[in-house]
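Next comes entry01.cif, with mmCIF, C-alpha atoms.
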data_work
#
loop_
_atom_site.label_atom_id
_atom_site.label_comp_id
_atom_site.auth_asym_id
_atom_site.auth_seq_id
_atom_site.Cartn_x
_atom_site.Cartn_y
_atom_site.Cartn_z
CA THR A 27 -27.58 11.91 1.63
CA GLN A 28 -28.93 8.47 0.70
CA ASN A 29 -25.61 7.48 -0.87
CA LEU A 30 -23.62 8.85 2.04
CA LYS A 31 -25.84 6.95 4.48
CA VAL A 32 -24.36 3.76 3.01
CA LEU A 33 -20.90 5.05 3.78
CA VAL A 34 -21.94 5.56 7.40
CA TYR A 35 -23.67 2.18 7.53
CA TYR A 36 -20.51 0.32 6.56
CA TRP A 37 -17.90 2.46 8.29
CA MET A 38 -19.53 3.52 11.54
CA PRO A 39 -21.03 0.52 13.40
CA ARG A 40 -17.89 -0.11 15.44
CA PHE A 41 -18.47 3.22 17.18
CA GLY A 42 -22.15 2.54 17.91
CA CYS A 43 -23.44 5.31 15.65
CA LYS A 44 -26.93 5.15 14.17
CA LYS A 45 -27.97 5.58 10.54
CA THR A 46 -29.59 8.89 9.68
CA ASN A 47 -31.05 10.87 6.81
CA ASN A 48 -30.36 14.20 8.53
CA SER A 49 -27.47 15.99 6.81
CA ASP A 50 -26.16 17.60 10.01
CA GLU A 51 -26.22 14.32 11.92
CA LEU A 52 -24.63 12.59 8.96
CA TYR A 53 -21.76 15.05 8.90
CA ASP A 54 -21.17 14.59 12.64
CA MET A 55 -21.21 10.81 12.32
CA VAL A 56 -18.73 10.68 9.43
CA ALA A 57 -16.53 13.27 11.14
CA THR A 58 -16.58 11.08 14.27
CA TYR A 59 -15.40 8.11 12.21
CA PHE A 60 -12.49 9.99 10.73
CA ASP A 61 -11.60 11.46 14.13
CA LYS A 62 -11.46 8.03 15.81
CA SER A 63 -9.93 6.06 12.96
CA MET A 64 -6.16 6.13 13.33
CA SER A 65 -5.70 9.91 13.23
CA SER A 66 -7.86 10.28 10.11
CA ILE A 67 -9.20 13.71 9.22
CA LEU A 68 -12.35 14.41 7.24
CA LEU A 69 -11.59 16.80 4.39
CA ASN A 70 -14.94 17.07 2.64
CA ILE A 71 -18.42 15.59 2.65
CA SER A 72 -21.17 16.32 0.11
CA GLN A 73 -23.72 14.65 -2.13
CA ASN A 74 -20.78 13.66 -4.36
CA GLY A 75 -19.08 11.62 -1.67
CA ALA A 76 -16.66 11.94 1.20
CA ILE A 77 -12.90 12.41 1.23
CA GLY A 78 -10.64 11.78 4.21
CA VAL A 79 -6.93 11.53 4.83
CA ASN A 80 -5.19 9.17 7.22
CA SER A 81 -1.81 10.25 8.58
CA TYR A 82 -0.56 6.65 8.66
CA SER A 83 -1.98 4.85 5.63
CA GLY A 84 -2.85 7.56 3.14
CA VAL A 85 -6.12 8.74 1.63
CA ALA A 86 -9.61 7.19 1.54
CA ILE A 87 -12.21 8.47 -0.91
CA PHE A 88 -15.86 7.41 -1.15
CA LYS A 89 -17.46 7.79 -4.58
CA PRO A 90 -21.20 7.04 -5.00
CA PHE A 91 -22.26 5.33 -8.24
CA VAL A 92 -25.03 6.96 -10.26
CA SER A 93 -25.39 3.86 -12.43
CA ASN A 94 -25.23 0.13 -11.79
CA SER A 95 -24.06 -0.56 -15.36
CA ASP A 96 -21.32 -3.21 -15.27
CA LYS A 97 -19.41 -1.35 -17.98
CA ILE A 98 -19.49 2.01 -16.15
CA ILE A 99 -18.55 0.42 -12.82
CA THR A 100 -15.66 -1.45 -14.42
CA GLU A 101 -14.43 1.70 -16.15
CA LYS A 102 -14.59 3.74 -12.93
CA THR A 103 -12.84 1.12 -10.78
CA GLU A 104 -10.10 0.52 -13.35
CA LYS A 105 -9.54 4.27 -13.66
CA LEU A 106 -9.09 4.54 -9.88
CA GLU A 107 -6.75 1.53 -9.88
CA ARG A 108 -4.61 3.11 -12.61
CA GLU A 109 -4.29 6.13 -10.29
CA GLY A 110 -2.68 3.86 -7.69
CA LYS A 111 -5.74 3.24 -5.51
CA THR A 112 -6.98 0.02 -3.94
CA ILE A 113 -10.72 -0.47 -4.48
CA VAL A 114 -13.39 -1.58 -1.98
CA LEU A 115 -16.91 -1.85 -3.40
CA VAL A 116 -19.85 -0.92 -1.14
CA SER A 117 -23.33 -2.40 -1.57
CA GLU A 118 -26.72 -2.21 0.10
CA GLY A 119 -28.54 -5.49 -0.42
CA ASN A 120 -28.09 -6.41 -4.08
CA ARG A 121 -27.47 -2.83 -5.14
CA LEU A 122 -23.94 -1.55 -5.65
CA MET A 123 -23.83 1.90 -4.05
CA GLY A 124 -20.29 3.11 -4.45
CA VAL A 125 -16.60 2.48 -4.11
CA ILE A 126 -14.05 3.34 -1.45
CA ALA A 127 -10.71 4.14 -3.09
CA ILE A 128 -7.75 3.81 -0.74
CA SER A 129 -4.28 5.02 -1.66
CA ASP A 130 -1.12 4.38 0.32
CA LYS A 131 1.08 7.32 1.17
CA ILE A 132 4.46 6.94 -0.54
CA LYS A 133 7.30 7.66 1.84
CA SER A 134 9.06 10.93 1.09
CA GLU A 135 12.48 9.27 0.93
CA ALA A 136 11.39 6.32 -1.23
CA LYS A 137 12.31 7.79 -4.61
CA ASP A 138 15.74 8.88 -3.35
CA ALA A 139 16.35 5.41 -1.92
CA VAL A 140 15.57 3.77 -5.27
CA ALA A 141 17.82 6.24 -7.11
CA MET A 142 20.69 5.61 -4.67
CA LEU A 143 20.34 1.85 -5.12
CA GLN A 144 20.48 2.28 -8.88
CA THR A 145 23.67 4.33 -8.52
CA LEU A 146 25.13 1.45 -6.50
CA GLY A 147 24.28 -0.97 -9.31
CA VAL A 148 21.23 -2.47 -7.59
CA GLN A 149 18.04 -2.87 -9.62
CA SER A 150 14.83 -2.44 -7.63
CA VAL A 151 11.85 -4.70 -8.36
CA MET A 152 8.43 -4.38 -6.72
CA LEU A 153 6.54 -7.46 -5.55
CA THR A 154 3.12 -6.73 -4.06
CA GLY A 155 -0.24 -8.24 -3.33
CA ASP A 156 -1.93 -5.05 -4.57
CA ASN A 157 -3.43 -5.09 -8.05
CA GLN A 158 -1.19 -4.60 -11.10
CA HIS A 159 -2.55 -1.13 -11.87
CA THR A 160 -1.58 0.08 -8.39
CA ALA A 161 1.79 -1.64 -8.56
CA SER A 162 2.61 -0.03 -11.91
CA TYR A 163 1.49 3.42 -10.75
CA VAL A 164 3.63 3.34 -7.61
CA ALA A 165 6.60 1.83 -9.45
CA ASN A 166 6.49 4.53 -12.12
CA SER A 167 6.30 7.20 -9.42
CA LEU A 168 9.49 5.85 -7.84
CA GLY A 169 11.50 5.07 -10.97
CA ILE A 170 11.16 1.29 -10.61
CA THR A 171 11.09 -0.41 -14.01
CA LYS A 172 9.73 -3.82 -12.97
CA ALA A 173 6.61 -4.28 -10.83
CA TYR A 174 4.57 -7.43 -10.25
CA GLY A 175 1.13 -7.10 -8.68
CA SER A 176 -1.63 -9.38 -7.36
CA LEU A 177 0.96 -11.79 -5.95
CA LEU A 178 0.19 -14.40 -3.30
CA PRO A 179 3.02 -15.36 -0.88
CA ASP A 180 4.02 -18.42 -2.92
CA GLU A 181 4.02 -16.33 -6.09
CA LYS A 182 6.40 -13.85 -4.44
CA VAL A 183 8.66 -16.81 -3.66
CA GLY A 184 8.50 -17.83 -7.32
CA LYS A 185 9.55 -14.34 -8.43
CA VAL A 186 12.47 -14.35 -5.99
CA GLU A 187 13.59 -17.72 -7.40
CA GLU A 188 13.40 -16.32 -10.94
CA MET A 189 15.44 -13.25 -9.98
CA LYS A 190 18.10 -15.35 -8.26
CA LYS A 191 18.56 -17.21 -11.54
CA GLU A 192 18.65 -13.95 -13.50
CA TYR A 193 20.74 -11.74 -11.19
CA GLY A 194 22.57 -14.20 -8.95
CA THR A 195 22.16 -12.28 -5.69
CA VAL A 196 18.83 -11.00 -4.43
CA ALA A 197 17.95 -8.99 -1.33
CA MET A 198 14.32 -8.98 -0.24
CA VAL A 199 12.82 -6.17 1.85
CA GLY A 200 9.53 -6.78 3.65
CA ASP A 201 7.63 -6.46 6.90
CA GLY A 202 4.58 -8.73 6.74
CA VAL A 203 3.77 -12.36 7.42
CA ASN A 204 3.29 -12.85 3.68
CA ASP A 205 6.86 -11.65 3.07
CA ALA A 206 8.50 -14.21 5.38
CA PRO A 207 8.90 -17.05 2.83
CA SER A 208 10.54 -14.67 0.34
CA LEU A 209 12.75 -13.19 3.05
CA ALA A 210 13.94 -16.71 3.88
CA LEU A 211 14.65 -17.60 0.24
CA ALA A 212 16.52 -14.42 -0.69
CA ASN A 213 20.29 -14.24 -0.32
CA VAL A 214 19.72 -11.41 2.13
CA GLY A 215 16.42 -10.80 3.93
CA ILE A 216 15.82 -7.30 5.29
CA ALA A 217 12.88 -6.69 7.63
CA MET A 218 11.44 -3.27 8.46
CA ALA A 219 11.27 -4.10 12.15
CA SER A 220 9.64 -1.04 13.70
CA LYS A 221 6.17 -2.10 12.49
CA GLY A 222 6.97 -5.49 11.02
CA SER A 223 5.50 -8.83 11.98
CA ASP A 224 7.41 -11.07 14.39
CA VAL A 225 7.80 -13.84 11.81
CA ALA A 226 9.29 -11.42 9.25
CA ILE A 227 11.78 -10.07 11.79
CA GLU A 228 12.80 -13.56 12.93
CA THR A 229 13.18 -14.80 9.35
CA ALA A 230 15.21 -11.88 8.02
CA ASP A 231 19.00 -11.64 8.14
CA ILE A 232 18.85 -7.92 8.94
CA ALA A 233 16.23 -6.04 10.95
CA LEU A 234 16.04 -2.27 10.53
CA MET A 235 14.80 -0.60 13.70
CA ASN A 236 13.18 2.35 11.93
CA GLU A 237 11.28 2.76 8.67
CA ASN A 238 13.64 5.15 6.90
CA LEU A 239 14.16 3.57 3.48
CA LEU A 240 17.50 5.34 3.04
CA ASN A 241 18.87 2.73 5.44
CA ILE A 242 18.65 0.18 2.62
CA PRO A 243 21.27 1.78 0.32
CA ALA A 244 23.28 2.44 3.48
CA ILE A 245 23.27 -1.32 4.18
CA VAL A 246 24.51 -2.02 0.65
CA LYS A 247 27.36 0.47 1.07
CA LEU A 248 28.29 -0.92 4.48
CA GLY A 249 28.23 -4.49 3.21
CA SER A 250 30.44 -3.67 0.22
CA ARG A 251 32.90 -1.81 2.43
CA THR A 252 33.01 -4.71 4.89
CA VAL A 253 33.70 -7.26 2.15
CA ARG A 254 36.48 -5.07 0.69
CA THR A 255 38.09 -4.73 4.10
CA VAL A 256 37.93 -8.47 4.82
CA MET A 257 39.34 -9.34 1.39
CA LYS A 258 42.13 -6.82 1.86
CA TYR A 259 43.32 -8.49 5.04
CA ILE A 260 42.84 -12.02 3.70
CA LEU A 261 44.64 -11.44 0.41
CA GLY A 262 47.09 -8.91 1.76
#
Before we go any further, please render this structure as structure tokens.
Amino acid sequence: TQNLKVLVYYWMPRFGCKKTNNSDELYDMVATYFDKSMSSILLNISQNGAIGVNSYSGVAIFKPFVSNSDKIITEKTEKLEREGKTIVLVSEGNRLMGVIAISDKIKSEAKDAVAMLQTLGVQSVMLTGDNQHTASYVANSLGITKAYGSLLPDEKVGKVEEMKKEYGTVAMVGDGVNDAPSLALANVGIAMASKGSDVAIETADIALMNENLLNIPAIVKLGSRTVRTVMKYILG
């Protein structure tokens, strides 16, 4: 209960909930958090931690630490990162109490979209601000052979410049403010507009009005067909 109280202390204040050592009250408080936090659902709560799932962003897991050994903490956090999770450390004063491991939910159509692009002769490369362990895990899950993690916006731009030199033509897909410079530099910028930032949408050449990733290979097919048709009428 002591470890889980820290979870409540850091997650619950926005809802005006008090700290408690009572297990029943604790359960109600954590359940309230998950209920009010973007359609999250509490799956389990015990002395070993709490597990919840969020219908939009994925899964959040709280794991209490039984030791403050730097080596053990590093091993545990790196293990979670290699499983594709983003790590948030939780402390009380100077004592490290646990870690919140957050994993994004991979879209069901993502792997098919990558495979279709490969069939069309398009190599997919992942550029992300998430750590390299997470980037590699997600990339391997989707069949992407190149993944670059822990990138700042200007570092994403640098990778796009490198790929333009290597491949000639580069399309960039993004939805955030941090993606805008890369969208502008790419030969073709594609923004996921349904939940994308205004600057990304305004910067991109193409704005997709829903988040179905299968629209991306469809764009490639449509573009190729359009070019063939234009060339046919120009050259006769």
Matched chain/residue IDs from the PyMOL selection byres ((chain A and resi 229) around 10), as JSON, numbers by chain: {"A": [203, 205, 206, 207, 208, 209, 210, 211, 215, 216, 217, 224, 225, 226, 227, 228, 230, 231, 232, 233]}
Using only C-alpha atoms for the distances, tell me which of A:Lys97, A:Lys131, A:Val140, A:Thr103 is nearest to Leu240 in chain A.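 Ranking A:Lys97, A:Lys131, A:Val140, A:Thr103 by distance to Leu240 in chain A, first place goes to A:Val140.
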Once the PyMOL selection byres ((chain A and resi 235) around 6) is applied to the coordinates I shared, what remains selected? I want it as a VMD selection string. chain A and resid 219 to 220 234 236
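From CA of Gly194 in chain A back to CA of Asp138 in chain A, the distance works out to 24.7 Å.
CA of Asn213 in chain A is positioned 13.5 Å from CA of Lys185 in chain A.
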Could you write out as a PyMOL selection string the residues that the PyMOL selection byres ((chain A and resi 156-164) around 10) matches in the shown file? chain A and resi 104-113+129-132+152-155+165-178
Using all atoms listed in the file, which of A:Lys133, A:Lys247, A:Lys182, A:Lys191 sits nearest Asn204 in chain A? A:Lys182
Figure out the distance between CA of Met189 in chain A and CA of Val253 in chain A, please, to one decimal in Å. 22.7 Å
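Between Gln144 in chain A and the residues A:Ile242, A:Leu248, A:Asp201, A:Tyr259, the shortest atom-to-atom distance, using only C-alpha atoms, involves A:Ile242.
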Here is a test: counting only C-alpha atoms, which residue of A:Leu143, A:Val186, A:Val151, A:Val199 is nearest to Val246 in chain A? A:Leu143
